[in-house]
$ cat data_18.tsv   # TSV, C-alpha atoms (C1' of nucleotides)
chain	number	residue	atom	x	y	z
A	1	MET	CA	-10.86	5.38	-24.80
A	2	PRO	CA	-7.64	4.10	-23.23
A	3	ALA	CA	-5.80	2.45	-26.10
A	4	ASN	CA	-4.92	-0.49	-23.91
A	5	ASP	CA	-8.57	-1.31	-23.27
A	6	VAL	CA	-9.35	-1.12	-26.96
A	7	TRP	CA	-6.61	-3.52	-28.00
A	8	ARG	CA	-7.52	-5.89	-25.22
A	9	ALA	CA	-11.16	-5.82	-26.25
A	10	LEU	CA	-10.21	-6.62	-29.82
A	11	SER	CA	-7.97	-9.52	-28.80
A	12	ASP	CA	-10.91	-11.87	-28.28
A	13	PRO	CA	-12.49	-13.54	-31.32
A	14	THR	CA	-15.98	-13.58	-29.81
A	15	ARG	CA	-15.85	-9.85	-29.22
A	16	ARG	CA	-14.57	-9.20	-32.72
A	17	GLU	CA	-17.46	-11.21	-34.10
A	18	VAL	CA	-19.87	-9.16	-32.02
A	19	LEU	CA	-18.47	-6.01	-33.59
A	20	ARG	CA	-18.83	-7.55	-37.03
A	21	LEU	CA	-22.47	-8.39	-36.35
A	22	LEU	CA	-23.08	-4.84	-35.21
A	23	ARG	CA	-21.76	-3.54	-38.51
A	24	ASP	CA	-25.10	-4.57	-39.96
A	25	GLY	CA	-27.07	-2.65	-37.39
A	26	SER	CA	-27.94	-2.51	-33.70
A	27	ARG	CA	-29.04	-5.63	-31.88
A	28	THR	CA	-30.31	-6.52	-28.44
A	29	ALA	CA	-28.05	-8.33	-25.99
A	30	GLY	CA	-30.19	-11.43	-26.31
A	31	ALA	CA	-30.19	-11.41	-30.09
A	32	LEU	CA	-26.42	-11.06	-30.12
A	33	ALA	CA	-25.99	-13.79	-27.55
A	34	GLU	CA	-27.98	-16.25	-29.65
A	35	SER	CA	-25.32	-16.08	-32.35
A	36	PHE	CA	-22.79	-17.67	-30.03
A	37	ASP	CA	-22.45	-20.98	-28.32
A	38	VAL	CA	-21.74	-19.40	-24.97
A	39	SER	CA	-23.91	-18.62	-21.96
A	40	LYS	CA	-25.69	-15.29	-21.84
A	41	ALA	CA	-23.77	-14.45	-18.70
A	42	SER	CA	-20.48	-14.90	-20.53
A	43	MET	CA	-21.75	-12.82	-23.43
A	44	SER	CA	-22.75	-10.11	-20.98
A	45	HIS	CA	-19.16	-10.12	-19.79
A	46	HIS	CA	-17.95	-9.60	-23.36
A	47	PHE	CA	-20.41	-6.77	-23.85
A	48	GLY	CA	-19.04	-5.14	-20.73
A	49	VAL	CA	-15.49	-5.32	-22.07
A	50	LEU	CA	-16.54	-3.81	-25.38
A	51	LYS	CA	-18.47	-1.10	-23.62
A	52	SER	CA	-15.74	-0.10	-21.21
A	53	ALA	CA	-13.39	0.12	-24.19
A	54	GLY	CA	-15.89	2.53	-25.69
A	55	LEU	CA	-16.42	0.37	-28.77
A	56	VAL	CA	-20.17	-0.01	-28.31
A	57	ARG	CA	-23.02	2.03	-26.92
A	58	THR	CA	-26.14	0.83	-25.17
A	59	GLU	CA	-29.70	2.03	-25.03
A	60	ARG	CA	-32.56	0.48	-23.14
A	61	ARG	CA	-35.66	-0.32	-25.17
A	62	GLY	CA	-38.32	-1.82	-23.02
A	63	GLN	CA	-37.03	-4.96	-21.41
A	64	SER	CA	-34.15	-5.19	-23.84
A	65	ILE	CA	-30.86	-3.44	-24.07
A	66	VAL	CA	-29.81	-2.50	-27.57
A	67	TYR	CA	-26.13	-2.53	-28.48
A	68	SER	CA	-24.68	-0.55	-31.34
A	69	LEU	CA	-21.23	0.31	-32.62
A	70	ASN	CA	-19.65	3.51	-31.40
A	71	THR	CA	-18.46	4.53	-34.83
A	72	SER	CA	-16.39	7.49	-33.73
A	73	VAL	CA	-14.30	5.26	-31.52
A	74	MET	CA	-13.92	2.77	-34.34
A	75	GLU	CA	-12.32	5.57	-36.30
A	76	ASP	CA	-9.92	6.16	-33.44
A	77	VAL	CA	-9.01	2.49	-33.61
A	78	ALA	CA	-8.01	2.94	-37.22
A	79	THR	CA	-5.75	5.74	-36.06
A	80	LEU	CA	-4.22	3.53	-33.39
A	81	LEU	CA	-3.44	0.99	-36.03
A	82	ALA	CA	-1.96	3.67	-38.25
A	83	GLY	CA	0.52	4.31	-35.44
A	84	LEU	CA	1.94	0.85	-36.00
A	85	VAL	CA	1.95	0.60	-39.77
A	86	PRO	CA	5.06	2.00	-41.47
A	87	ARG	CA	4.58	4.87	-43.90
A	88	HIS	CA	5.05	2.86	-47.07
A	89	ALA	CA	2.46	0.35	-45.93
A	90	ALA	CA	-0.30	2.97	-45.82
A	91	LYS	CA	-3.38	1.94	-47.69
A	92	ARG	CA	-6.99	2.83	-48.14
A	93	VAL	CA	-9.07	1.10	-45.48
A	94	LYS	CA	-11.85	-0.31	-47.58
A	95	THR	CA	-15.08	-1.09	-45.74
B	1	MET	CA	-1.12	-15.07	-40.88
B	2	PRO	CA	-3.97	-16.47	-38.80
B	3	ALA	CA	-6.00	-13.41	-37.81
B	4	ASN	CA	-6.25	-14.68	-34.27
B	5	ASP	CA	-2.51	-14.70	-33.81
B	6	VAL	CA	-2.24	-11.18	-35.14
B	7	TRP	CA	-4.83	-9.74	-32.81
B	8	ARG	CA	-3.33	-11.58	-29.87
B	9	ALA	CA	0.12	-10.27	-30.72
B	10	LEU	CA	-1.22	-6.72	-30.86
B	11	SER	CA	-3.00	-7.02	-27.54
B	12	ASP	CA	0.18	-6.56	-25.52
B	13	PRO	CA	1.52	-3.01	-25.03
B	14	THR	CA	5.15	-4.12	-25.01
B	15	ARG	CA	4.74	-5.81	-28.37
B	16	ARG	CA	2.97	-2.81	-29.85
B	17	GLU	CA	5.85	-0.64	-28.71
B	18	VAL	CA	8.31	-3.03	-30.36
B	19	LEU	CA	6.42	-2.62	-33.62
B	20	ARG	CA	6.51	1.15	-33.23
B	21	LEU	CA	10.26	1.07	-32.70
B	22	LEU	CA	10.66	-1.05	-35.80
B	23	ARG	CA	8.82	1.56	-37.84
B	24	ASP	CA	12.04	3.55	-37.70
B	25	GLY	CA	14.14	0.68	-39.02
B	26	SER	CA	15.43	-2.75	-38.18
B	27	ARG	CA	17.04	-3.45	-34.84
B	28	THR	CA	18.80	-6.33	-33.16
B	29	ALA	CA	17.05	-8.30	-30.45
B	30	GLY	CA	19.43	-6.88	-27.88
B	31	ALA	CA	18.96	-3.28	-29.00
B	32	LEU	CA	15.20	-3.69	-28.85
B	33	ALA	CA	15.35	-5.33	-25.44
B	34	GLU	CA	17.31	-2.41	-24.00
B	35	SER	CA	14.33	-0.15	-24.61
B	36	PHE	CA	12.26	-2.09	-22.11
B	37	ASP	CA	12.47	-2.73	-18.40
B	38	VAL	CA	12.01	-6.44	-18.86
B	39	SER	CA	14.41	-9.38	-18.97
B	40	LYS	CA	15.88	-10.37	-22.32
B	41	ALA	CA	14.23	-13.75	-21.97
B	42	SER	CA	10.83	-12.12	-21.69
B	43	MET	CA	11.58	-9.91	-24.66
B	44	SER	CA	12.57	-12.97	-26.62
B	45	HIS	CA	9.18	-14.41	-25.81
B	46	HIS	CA	7.51	-11.28	-27.18
B	47	PHE	CA	9.61	-11.46	-30.33
B	48	GLY	CA	8.46	-15.02	-30.78
B	49	VAL	CA	4.83	-14.02	-30.55
B	50	LEU	CA	5.30	-11.24	-33.08
B	51	LYS	CA	7.16	-13.55	-35.37
B	52	SER	CA	4.66	-16.39	-35.29
B	53	ALA	CA	1.95	-13.83	-36.06
B	54	GLY	CA	4.01	-12.92	-39.11
B	55	LEU	CA	4.37	-9.31	-38.02
B	56	VAL	CA	8.16	-9.31	-37.99
B	57	ARG	CA	10.95	-11.00	-39.89
B	58	THR	CA	14.36	-12.01	-38.65
B	59	GLU	CA	17.77	-12.20	-40.19
B	60	ARG	CA	20.97	-13.29	-38.53
B	61	ARG	CA	23.86	-10.85	-38.79
B	62	GLY	CA	26.92	-12.26	-37.08
B	63	GLN	CA	26.13	-12.91	-33.45
B	64	SER	CA	23.04	-10.76	-33.59
B	65	ILE	CA	19.57	-11.35	-34.88
B	66	VAL	CA	18.02	-8.41	-36.64
B	67	TYR	CA	14.28	-7.86	-36.42
B	68	SER	CA	12.31	-5.87	-38.95
B	69	LEU	CA	8.66	-5.23	-39.72
B	70	ASN	CA	6.95	-7.50	-42.18
B	71	THR	CA	5.30	-4.65	-44.00
B	72	SER	CA	3.09	-6.75	-46.25
B	73	VAL	CA	1.50	-8.36	-43.22
B	74	MET	CA	1.00	-4.97	-41.63
B	75	GLU	CA	-1.13	-4.12	-44.65
B	76	ASP	CA	-3.18	-7.22	-44.02
B	77	VAL	CA	-3.73	-6.02	-40.47
B	78	ALA	CA	-5.28	-2.85	-41.81
B	79	THR	CA	-7.62	-5.06	-43.81
B	80	LEU	CA	-8.52	-7.03	-40.70
B	81	LEU	CA	-9.46	-3.83	-38.99
B	82	ALA	CA	-11.48	-2.74	-41.99
B	83	GLY	CA	-13.57	-5.84	-41.44
B	84	LEU	CA	-14.74	-4.36	-38.15
B	85	VAL	CA	-15.27	-0.73	-39.03
B	86	PRO	CA	-18.69	0.13	-40.50
B	87	ARG	CA	-18.78	1.67	-43.93
B	88	HIS	CA	-19.55	5.19	-42.86
B	89	ALA	CA	-16.63	5.13	-40.46
B	90	ALA	CA	-14.10	4.55	-43.24
B	91	LYS	CA	-11.24	6.95	-43.16
B	92	ARG	CA	-7.81	7.50	-44.60
B	93	VAL	CA	-5.23	5.71	-42.51
B	94	LYS	CA	-2.61	8.39	-42.19
B	95	THR	CA	0.91	7.20	-41.35
C	1	DT	C1'	39.35	-25.45	-29.48
C	2	DG	C1'	38.01	-22.35	-25.85
C	3	DC	C1'	36.05	-18.01	-24.30
C	4	DG	C1'	32.93	-14.06	-24.58
C	5	DT	C1'	28.74	-12.17	-26.51
C	6	DA	C1'	23.91	-12.58	-28.23
C	7	DT	C1'	19.75	-14.87	-28.10
C	8	DT	C1'	16.54	-18.50	-27.14
C	9	DT	C1'	14.63	-22.37	-24.43
C	10	DA	C1'	13.11	-24.63	-20.12
C	11	DG	C1'	10.65	-24.61	-16.17
C	12	DA	C1'	8.22	-22.27	-12.44
C	13	DT	C1'	5.06	-18.74	-10.68
C	14	DG	C1'	1.38	-15.24	-10.06
C	15	DA	C1'	-2.17	-12.53	-12.24
C	16	DG	C1'	-5.83	-12.18	-15.29
C	17	DA	C1'	-9.35	-13.84	-18.71
C	18	DG	C1'	-13.15	-16.38	-20.12
C	19	DG	C1'	-16.28	-19.98	-19.02
C	20	DC	C1'	-20.23	-21.74	-16.09
C	21	DT	C1'	-24.37	-21.77	-12.77
C	22	DA	C1'	-27.17	-19.42	-9.70
C	23	DA	C1'	-28.92	-15.31	-7.94
C	24	DA	C1'	-30.05	-10.43	-8.40
C	25	DT	C1'	-32.01	-6.48	-10.92
C	26	DA	C1'	-35.01	-4.15	-14.25
C	27	DT	C1'	-39.00	-3.93	-17.12
C	28	DC	C1'	-43.45	-5.26	-19.06
C	29	DT	C1'	-48.10	-7.14	-18.68
C	30	DA	C1'	-52.01	-9.30	-16.77
D	1	DT	C1'	-48.64	-6.75	-7.23
D	2	DA	C1'	-47.31	-11.31	-9.30
D	3	DG	C1'	-45.27	-13.55	-12.84
D	4	DA	C1'	-42.63	-13.77	-17.09
D	5	DT	C1'	-38.82	-12.06	-19.79
D	6	DA	C1'	-34.21	-9.78	-20.50
D	7	DT	C1'	-29.87	-8.76	-18.79
D	8	DT	C1'	-26.27	-8.29	-15.43
D	9	DT	C1'	-23.73	-9.56	-11.18
D	10	DA	C1'	-21.53	-12.78	-7.97
D	11	DG	C1'	-18.74	-16.53	-7.02
D	12	DC	C1'	-15.99	-20.19	-8.52
D	13	DC	C1'	-12.79	-22.82	-11.68
D	14	DT	C1'	-9.56	-23.59	-15.18
D	15	DC	C1'	-6.42	-22.23	-18.54
D	16	DT	C1'	-3.49	-18.84	-20.65
D	17	DC	C1'	-0.08	-15.25	-20.48
D	18	DA	C1'	3.72	-12.35	-19.06
D	19	DT	C1'	7.42	-12.60	-16.24
D	20	DC	C1'	11.55	-14.39	-13.97
D	21	DT	C1'	16.07	-17.16	-13.33
D	22	DA	C1'	19.00	-20.56	-14.99
D	23	DA	C1'	20.62	-23.29	-18.59
D	24	DA	C1'	21.30	-24.19	-23.46
D	25	DT	C1'	22.50	-22.87	-28.18
D	26	DA	C1'	24.79	-20.14	-31.86
D	27	DC	C1'	28.35	-17.36	-33.52
D	28	DG	C1'	32.92	-14.74	-33.76
D	29	DC	C1'	37.51	-14.50	-32.66
D	30	DA	C1'	41.91	-15.45	-30.61
$ encode --input "data_18.tsv" --output "structure tokens"
Amino acid sequence: MPANDVWRALSDPTRREVLRLLRDGSRTAGALAESFDVSKASMSHHFGVLKSAGLVRTERRGQSIVYSLNTSVMEDVATLLAGLVPRHAAKRVKT
Amino acid sequence: MPANDVWRALSDPTRREVLRLLRDGSRTAGALAESFDVSKASMSHHFGVLKSAGLVRTERRGQSIVYSLNTSVMEDVATLLAGLVPRHAAKRVKT
DNA sequence: TGCGTATTTAGATGAGAGGCTAAATATCTA
DNA sequence: TAGATATTTAGCCTCTCATCTAAATACGCA
């Protein structure tokens, strides 16, 4: 999980929304894509960015590919952020 | 603090390093710029991005302009991140 | 006021990102 | 195997971003 890839992945609003959707459970590429007003090809590109950053995992199920959050890496992201926040700004990350 | 601006500001490694430097205390634009192998004009651009995202504050001191972290906004950033991390991935953000 | 220092703004450039359509690949089912 | 469905890859285009140099602005001090 190169930190640079993670930050870059998070810099796009579409990708952040994908992560938010995945908070509620795994979804197929197609199901995710339907939530956005963007071509499936473009969504596939976003999925690739999220995947190479290690933020999501994939699993084939029949004809579909199911995406889910890689929760352990999401924890690492919290740590990355902690490296920027000054000590007295520490707070409980409520989820 | 539009969330988009914050994430965009954080997506650049130079800007993240600026924030890390500011964790240890305020610094002038020139002092910050010396830590990077980039022109002062480019650094000024980065400062502008950080500032318009609300991540840093400025204060003129004589000929210099002193940059410091906007700690309250850094807390908000932690909240933004929390909006992406699934419940069972919650963790103490150690700083 | 005039000069030196500190910083930002203007304008140009090259690389990269995200978008699209069309084609390719993988899987299921008849 | 043929056809339908799901997803990714390829190729192209446009726009944004980080960077640079040069010029402009702001301040302190003689």
$ residues_around --input "data_18.tsv" --residues "DT7 of chain C" --least-positions-apart "6" --cutoff "12 Å" --atoms "all atoms listed in the file" --output "PyMOL selection string"
(chain B and resi 28-31+33+39-45+47-48+60+62-66) or (chain D and resi 24-27)
$ atom_distance --input "data_18.tsv" --atom1 "atom CA of Glu59 of chain A" --atom2 "atom CA of Val38 of chain A"
22.9 Å
$ interface_residues --input "data_18.tsv" --of "chain C" --to "chain B" --cutoff "10 Å" --atoms "only C-alpha atoms (C1' of nucleotides)" --output "list in words"
DT5, DA6, DT7, DT8 and DT9 of chain C
$ closest_atom_pairs --input "data_18.tsv" --of "chain A" --to "chain B" --cutoff "12 Å" --atoms "all atoms listed in the file" --output "JSON lines"
{"residue": "A:Pro2", "atom": "CA", "partner": "B:Pro13", "partner_atom": "CA", "distance": 11.7}
{"residue": "A:Ala3", "atom": "CA", "partner": "B:Pro13", "partner_atom": "CA", "distance": 9.2}
{"residue": "A:Asn4", "atom": "CA", "partner": "B:Pro13", "partner_atom": "CA", "distance": 7.0}
{"residue": "A:Asp5", "atom": "CA", "partner": "B:Ser11", "partner_atom": "CA", "distance": 9.0}
{"residue": "A:Val6", "atom": "CA", "partner": "B:Ser11", "partner_atom": "CA", "distance": 8.7}
{"residue": "A:Trp7", "atom": "CA", "partner": "B:Ser11", "partner_atom": "CA", "distance": 5.0}
{"residue": "A:Arg8", "atom": "CA", "partner": "B:Ser11", "partner_atom": "CA", "distance": 5.2}
{"residue": "A:Ala9", "atom": "CA", "partner": "B:Ser11", "partner_atom": "CA", "distance": 8.3}
{"residue": "A:Leu10", "atom": "CA", "partner": "B:Trp7", "partner_atom": "CA", "distance": 6.9}
{"residue": "A:Ser11", "atom": "CA", "partner": "B:Trp7", "partner_atom": "CA", "distance": 5.1}
{"residue": "A:Asp12", "atom": "CA", "partner": "B:Arg8", "partner_atom": "CA", "distance": 7.8}
{"residue": "A:Pro13", "atom": "CA", "partner": "B:Asn4", "partner_atom": "CA", "distance": 7.0}
{"residue": "A:Thr14", "atom": "CA", "partner": "B:Asn4", "partner_atom": "CA", "distance": 10.8}
{"residue": "A:Arg15", "atom": "CA", "partner": "B:Leu84", "partner_atom": "CA", "distance": 10.5}
{"residue": "A:Arg16", "atom": "CA", "partner": "B:Leu84", "partner_atom": "CA", "distance": 7.3}
{"residue": "A:Glu17", "atom": "CA", "partner": "B:Leu84", "partner_atom": "CA", "distance": 8.4}
{"residue": "A:Val18", "atom": "CA", "partner": "B:Leu84", "partner_atom": "CA", "distance": 9.3}
{"residue": "A:Leu19", "atom": "CA", "partner": "B:Leu84", "partner_atom": "CA", "distance": 6.1}
{"residue": "A:Arg20", "atom": "CA", "partner": "B:Leu84", "partner_atom": "CA", "distance": 5.3}
{"residue": "A:Leu21", "atom": "CA", "partner": "B:Leu84", "partner_atom": "CA", "distance": 8.9}
{"residue": "A:Leu22", "atom": "CA", "partner": "B:Pro86", "partner_atom": "CA", "distance": 8.5}
{"residue": "A:Arg23", "atom": "CA", "partner": "B:Pro86", "partner_atom": "CA", "distance": 5.2}
{"residue": "A:Asp24", "atom": "CA", "partner": "B:Pro86", "partner_atom": "CA", "distance": 8.0}
{"residue": "A:Gly25", "atom": "CA", "partner": "B:Pro86", "partner_atom": "CA", "distance": 9.4}
{"residue": "A:Ser26", "atom": "CA", "partner": "B:Pro86", "partner_atom": "CA", "distance": 11.8}
{"residue": "A:Leu55", "atom": "CA", "partner": "B:Val85", "partner_atom": "CA", "distance": 10.4}
{"residue": "A:Val56", "atom": "CA", "partner": "B:Val85", "partner_atom": "CA", "distance": 11.8}
{"residue": "A:Ser68", "atom": "CA", "partner": "B:Pro86", "partner_atom": "CA", "distance": 11.0}
{"residue": "A:Leu69", "atom": "CA", "partner": "B:Pro86", "partner_atom": "CA", "distance": 8.3}
{"residue": "A:Asn70", "atom": "CA", "partner": "B:Ala89", "partner_atom": "CA", "distance": 9.7}
{"residue": "A:Thr71", "atom": "CA", "partner": "B:Ala89", "partner_atom": "CA", "distance": 6.0}
{"residue": "A:Ser72", "atom": "CA", "partner": "B:Ala89", "partner_atom": "CA", "distance": 7.1}
{"residue": "A:Val73", "atom": "CA", "partner": "B:Ala89", "partner_atom": "CA", "distance": 9.2}
{"residue": "A:Met74", "atom": "CA", "partner": "B:Val85", "partner_atom": "CA", "distance": 6.0}
{"residue": "A:Glu75", "atom": "CA", "partner": "B:Ala89", "partner_atom": "CA", "distance": 6.0}
{"residue": "A:Asp76", "atom": "CA", "partner": "B:Ala89", "partner_atom": "CA", "distance": 9.8}
{"residue": "A:Val77", "atom": "CA", "partner": "B:Leu81", "partner_atom": "CA", "distance": 8.3}
{"residue": "A:Ala78", "atom": "CA", "partner": "B:Val93", "partner_atom": "CA", "distance": 6.6}
{"residue": "A:Thr79", "atom": "CA", "partner": "B:Val93", "partner_atom": "CA", "distance": 6.5}
{"residue": "A:Leu80", "atom": "CA", "partner": "B:Val93", "partner_atom": "CA", "distance": 9.4}
{"residue": "A:Leu81", "atom": "CA", "partner": "B:Ala78", "partner_atom": "CA", "distance": 7.2}
{"residue": "A:Ala82", "atom": "CA", "partner": "B:Thr95", "partner_atom": "CA", "distance": 5.5}
{"residue": "A:Gly83", "atom": "CA", "partner": "B:Thr95", "partner_atom": "CA", "distance": 6.6}
{"residue": "A:Leu84", "atom": "CA", "partner": "B:Arg20", "partner_atom": "CA", "distance": 5.4}
{"residue": "A:Val85", "atom": "CA", "partner": "B:Met74", "partner_atom": "CA", "distance": 5.9}
{"residue": "A:Pro86", "atom": "CA", "partner": "B:Arg23", "partner_atom": "CA", "distance": 5.2}
{"residue": "A:Arg87", "atom": "CA", "partner": "B:Thr95", "partner_atom": "CA", "distance": 5.0}
{"residue": "A:His88", "atom": "CA", "partner": "B:Thr71", "partner_atom": "CA", "distance": 8.1}
{"residue": "A:Ala89", "atom": "CA", "partner": "B:Glu75", "partner_atom": "CA", "distance": 5.9}
{"residue": "A:Ala90", "atom": "CA", "partner": "B:Thr95", "partner_atom": "CA", "distance": 6.3}
{"residue": "A:Lys91", "atom": "CA", "partner": "B:Val93", "partner_atom": "CA", "distance": 6.7}
{"residue": "A:Arg92", "atom": "CA", "partner": "B:Arg92", "partner_atom": "CA", "distance": 5.9}
{"residue": "A:Val93", "atom": "CA", "partner": "B:Ala82", "partner_atom": "CA", "distance": 5.7}
{"residue": "A:Lys94", "atom": "CA", "partner": "B:Ala82", "partner_atom": "CA", "distance": 6.1}
{"residue": "A:Thr95", "atom": "CA", "partner": "B:Arg87", "partner_atom": "CA", "distance": 5.0}
$ atom_distance --input "data_18.tsv" --atom1 "atom C1' of DA15 of chain C" --atom2 "atom C1' of DT9 of chain D"
21.8 Å
